[in-house]
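Chemist: The following block contains the structure, expressed as structure tokens.
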Amino acid sequence: MDDQARPRPLAPVPAEVPAGPTAEELMVRVAKGDERAFELLYDQLAGPIFGLVRRIVRDAAQSEEVAQEVLVELWRTATRYAPERGSALNWAMTLAHRRAVDRVRSARASTEREQKATFEAARGRPFDEVAESVTARLERSQVRRCLSFLTDLQRESVLLAYYQGYTYREVAEVLSTPQGTIKTRLRDGLIRLRDCLGVTA
């Protein structure tokens, strides 16, 4: 008989791999303090939990931190899990979502506190109180209107010092004028502005 005509031996059928325990079964065992069950549960849920947290938190390092917190919370609160209320995955993802949102809110609140502290610190910096009143309390249009009442020299000095950030020395150099004269112009100019705008020093 031709070799090609001979029937080929059938390949052995692989034995069916027994399915591992479900997340629900593992949660029940974890609730009893089974550490091995928690390791298996960790393997099943760590990926989905991290994926959800990363979509909300964005930052990779913080996402890993939050995911770890969620997994630790699963270990600590496993006794509260009730299979009849839903799957272990859904329960874990609910915890993950809550933790991730809390982290984002906390980070946002922290940023706002820092910005407020920076703003307060900036307000506390020592500089001319009249200039602070002018720039902090009044509309730009009012300031522009009152600037027109200054002399050309006063207006030039005020604009350089308070709107372009020049120091007395730099204003003096730009205008080729002694520093003492610049200080006098600025003082007189700011007094005129204050009176025009009705600001009390």
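Following the order of the structure tokens, chains are lettered A, B, ..., residues in each are numbered from 1, and ligands are numbered from 1.
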Neighbours of Leu26 (chain A) within 12 Å (only C-alpha atoms; same-chain residues fewer than 3 positions away dropped), as a PyMOL selection string?

Modeler: chain A and resi 20-23+29-45+74-75+78-79+81+83+87-89

Chemist: Mind dumping the selected residues with C-alpha atoms as an mmCIF file, in the first residue's frame?

Modeler:
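Output saved as again-v3.cif:
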data_model
loop_
_atom_site.group_PDB
_atom_site.id
_atom_site.type_symbol
_atom_site.label_atom_id
_atom_site.label_comp_id
_atom_site.auth_asym_id
_atom_site.auth_seq_id
_atom_site.Cartn_x
_atom_site.Cartn_y
_atom_site.Cartn_z
ATOM 1 C CA GLY A 20 -9.990 27.636 37.904
ATOM 2 C CA PRO A 21 -12.186 29.032 40.635
ATOM 3 C CA THR A 22 -14.327 32.026 39.747
ATOM 4 C CA ALA A 23 -13.734 35.437 41.265
ATOM 5 C CA ARG A 29 -12.477 32.110 50.399
ATOM 6 C CA VAL A 30 -10.722 35.459 50.828
ATOM 7 C CA ALA A 31 -13.434 36.448 53.311
ATOM 8 C CA LYS A 32 -12.289 33.480 55.395
ATOM 9 C CA GLY A 33 -8.670 34.692 55.307
ATOM 10 C CA ASP A 34 -7.419 32.400 52.521
ATOM 11 C CA GLU A 35 -4.216 34.072 51.289
ATOM 12 C CA ARG A 36 -3.782 31.725 48.336
ATOM 13 C CA ALA A 37 -7.280 32.614 47.178
ATOM 14 C CA PHE A 38 -6.339 36.292 47.386
ATOM 15 C CA GLU A 39 -3.278 35.687 45.187
ATOM 16 C CA LEU A 40 -5.505 34.077 42.547
ATOM 17 C CA LEU A 41 -8.072 36.864 42.890
ATOM 18 C CA TYR A 42 -5.288 39.423 42.520
ATOM 19 C CA ASP A 43 -4.202 37.798 39.249
ATOM 20 C CA GLN A 44 -7.763 37.934 37.917
ATOM 21 C CA LEU A 45 -8.684 41.475 38.936
ATOM 22 C CA LEU A 74 -10.800 43.941 48.631
ATOM 23 C CA TRP A 75 -8.762 41.845 51.075
ATOM 24 C CA ALA A 78 -14.129 40.706 51.506
ATOM 25 C CA THR A 79 -16.605 39.748 54.236
ATOM 26 C CA TYR A 81 -19.179 40.948 49.501
ATOM 27 C CA PRO A 83 -22.557 37.127 45.588
ATOM 28 C CA SER A 87 -20.298 39.689 40.331
ATOM 29 C CA ALA A 88 -17.043 40.086 42.204
ATOM 30 C CA LEU A 89 -15.633 41.960 39.201
#

Chemist: For Thr167 (chain A), find every residue with an atom within 12 Å (counting only C-alpha atoms), except residues of its own chain fewer than 5 positions away, and show them as a PyMOL selection string.

Modeler: chain A and resi 127+157-162+172-174+179+182-183+186

Chemist: With all heavy atoms retained, write the just-selected residues as a compact mmCIF listing (two decimals), in the first residue's frame.

Modeler:
# COMPACT_ATOMS: atom_id res chain seq x y z
N PHE A 127 4.83 95.90 48.44
CA PHE A 127 5.02 96.86 47.37
C PHE A 127 4.00 97.97 47.56
O PHE A 127 3.08 97.86 48.38
CB PHE A 127 4.93 96.24 45.96
CG PHE A 127 3.63 95.59 45.63
CD1 PHE A 127 2.63 96.28 44.96
CD2 PHE A 127 3.40 94.27 45.98
CE1 PHE A 127 1.44 95.68 44.64
CE2 PHE A 127 2.21 93.66 45.65
CZ PHE A 127 1.22 94.36 44.99
N SER A 157 6.69 107.04 33.23
CA SER A 157 7.36 106.38 34.36
C SER A 157 6.45 105.32 34.99
O SER A 157 6.88 104.20 35.31
CB SER A 157 7.74 107.42 35.42
OG SER A 157 8.64 108.37 34.89
N VAL A 158 5.17 105.65 35.18
CA VAL A 158 4.22 104.71 35.79
C VAL A 158 4.05 103.48 34.90
O VAL A 158 4.04 102.34 35.39
CB VAL A 158 2.86 105.41 36.03
CG1 VAL A 158 1.78 104.37 36.38
CG2 VAL A 158 2.99 106.43 37.15
N LEU A 159 3.89 103.66 33.62
CA LEU A 159 3.70 102.52 32.71
C LEU A 159 4.90 101.60 32.72
O LEU A 159 4.76 100.37 32.71
CB LEU A 159 3.42 103.04 31.29
CG LEU A 159 2.06 103.70 31.08
CD1 LEU A 159 1.96 104.29 29.67
CD2 LEU A 159 0.93 102.71 31.30
N LEU A 160 6.10 102.18 32.71
CA LEU A 160 7.31 101.35 32.73
C LEU A 160 7.44 100.58 34.03
O LEU A 160 7.76 99.38 34.04
CB LEU A 160 8.56 102.22 32.51
CG LEU A 160 8.79 102.75 31.10
CD1 LEU A 160 9.92 103.77 31.08
CD2 LEU A 160 9.11 101.60 30.15
N ALA A 161 7.17 101.25 35.15
CA ALA A 161 7.39 100.62 36.46
C ALA A 161 6.29 99.62 36.82
O ALA A 161 6.58 98.51 37.27
CB ALA A 161 7.49 101.70 37.54
N TYR A 162 5.02 99.98 36.61
CA TYR A 162 3.93 99.16 37.13
C TYR A 162 3.26 98.28 36.08
O TYR A 162 2.53 97.35 36.43
CB TYR A 162 2.90 100.03 37.84
CG TYR A 162 3.48 100.60 39.12
CD1 TYR A 162 3.99 101.90 39.15
CD2 TYR A 162 3.60 99.82 40.26
CE1 TYR A 162 4.55 102.42 40.30
CE2 TYR A 162 4.18 100.33 41.41
CZ TYR A 162 4.65 101.63 41.43
OH TYR A 162 5.22 102.13 42.57
N ALA A 172 14.98 104.64 35.22
CA ALA A 172 15.91 105.78 35.12
C ALA A 172 16.83 105.63 33.92
O ALA A 172 17.10 106.60 33.19
CB ALA A 172 16.73 105.88 36.41
N GLU A 173 17.30 104.38 33.68
CA GLU A 173 18.20 104.14 32.55
C GLU A 173 17.46 104.33 31.22
O GLU A 173 17.97 104.95 30.29
CB GLU A 173 18.78 102.72 32.63
CG GLU A 173 19.81 102.56 33.75
CD GLU A 173 20.29 101.13 33.88
OE1 GLU A 173 19.82 100.26 33.12
OE2 GLU A 173 21.15 100.86 34.75
N VAL A 174 16.24 103.77 31.13
CA VAL A 174 15.47 103.87 29.89
C VAL A 174 15.17 105.33 29.55
O VAL A 174 15.26 105.76 28.39
CB VAL A 174 14.14 103.07 30.01
CG1 VAL A 174 13.21 103.39 28.84
CG2 VAL A 174 14.43 101.58 30.06
N GLN A 179 17.59 108.57 39.28
CA GLN A 179 16.63 107.75 40.00
C GLN A 179 15.76 108.58 40.94
O GLN A 179 14.56 108.31 41.09
CB GLN A 179 17.36 106.68 40.83
CG GLN A 179 17.91 105.53 39.99
CD GLN A 179 18.44 104.39 40.86
OE1 GLN A 179 17.77 103.95 41.78
NE2 GLN A 179 19.65 103.94 40.56
N ILE A 182 12.93 109.98 39.06
CA ILE A 182 11.97 108.92 38.69
C ILE A 182 11.07 108.60 39.88
O ILE A 182 9.85 108.49 39.74
CB ILE A 182 12.71 107.65 38.22
CG1 ILE A 182 13.44 107.91 36.90
CG2 ILE A 182 11.75 106.47 38.10
CD1 ILE A 182 12.52 108.30 35.76
N LYS A 183 11.66 108.48 41.07
CA LYS A 183 10.86 108.19 42.27
C LYS A 183 9.83 109.29 42.53
O LYS A 183 8.69 109.03 42.88
CB LYS A 183 11.77 108.01 43.48
CG LYS A 183 12.58 106.72 43.44
CD LYS A 183 13.45 106.56 44.69
CE LYS A 183 14.24 105.27 44.64
NZ LYS A 183 15.10 105.06 45.81
N LEU A 186 7.05 108.98 39.95
CA LEU A 186 6.18 107.84 40.25
C LEU A 186 5.27 108.16 41.43
O LEU A 186 4.07 107.86 41.40
CB LEU A 186 7.02 106.59 40.55
CG LEU A 186 7.67 105.93 39.35
CD1 LEU A 186 8.65 104.85 39.80
CD2 LEU A 186 6.61 105.31 38.43

Chemist: Using only C-alpha atoms, find the one residue out of A:Thr77, A:Thr151, A:Ser106, A:Thr94 that sits nearest to Val53 (chain A).

Modeler: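 Of A:Thr77, A:Thr151, A:Ser106, A:Thr94, the one nearest Val53 (chain A) is A:Thr94, counting only C-alpha atoms.
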
Chemist: As an exercise, work out the distance from CA of Val72 (chain A) to CA of Ser110 (chain A) in Å and give it to one decimal place.

Modeler: 24.5 Å

Chemist: So what do you get for CA of Glu65 (chain A) versus CA of Ala96 (chain A), distance-wise?

Modeler: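 Those two atoms sit 11.3 Å apart.
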
Chemist: Determine the nearest neighbour of Cys146 (chain A) from the options A:Leu71, A:Arg194, A:Trp91, A:Arg185, counting only C-alpha atoms.

Modeler: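 Among the listed residues, A:Arg194 lies closest to Cys146 (chain A).
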
Chemist: Rank nothing, just name the residue among A:Val143, A:Ala61, A:Thr177, A:Glu25 nearest to Leu197 (chain A), using only C-alpha atoms.

Modeler: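 So, comparing all the options, the nearest one is A:Val143.
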
Chemist: Neighbours of Arg98 (chain A) within 12 Å (only C-alpha atoms; same-chain residues fewer than 6 positions away dropped), as a list in words?

Modeler: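 The residues that qualify are Ile49, Leu52, Val53, Ile56, Val57, Val66, Ala67, Glu69, Val70, Glu73, Trp91, Ala92, Val104 and Arg105 of chain A.
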
Chemist: When distances are computed from only C-alpha atoms, which of A:Arg155, A:Arg99, A:Arg55, A:Arg113 shows the smallest separation from Gly189 (chain A)?

Modeler: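 Closest residue, counting only C-alpha atoms: A:Arg155.
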
Chemist: Enter the distance from CA of Val101 (chain A) to CA of Gly47 (chain A), in Å, rounded to one decimal.

Modeler: 18.2 Å

Chemist: When distances are computed from only C-alpha atoms, which of A:Arg58, A:Arg80, A:Ser63, A:Leu193 shows the smallest separation from Met27 (chain A)?

Modeler: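 So, comparing all the options, the nearest one is A:Arg80.
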
Chemist: Could you check the closest approach to Asp195 (chain A) for each of A:Leu147, A:Leu95, A:Gly86, A:Arg54 and tell me which residue wins, using only C-alpha atoms?

Modeler: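 Nearest to Asp195 (chain A): A:Leu147.
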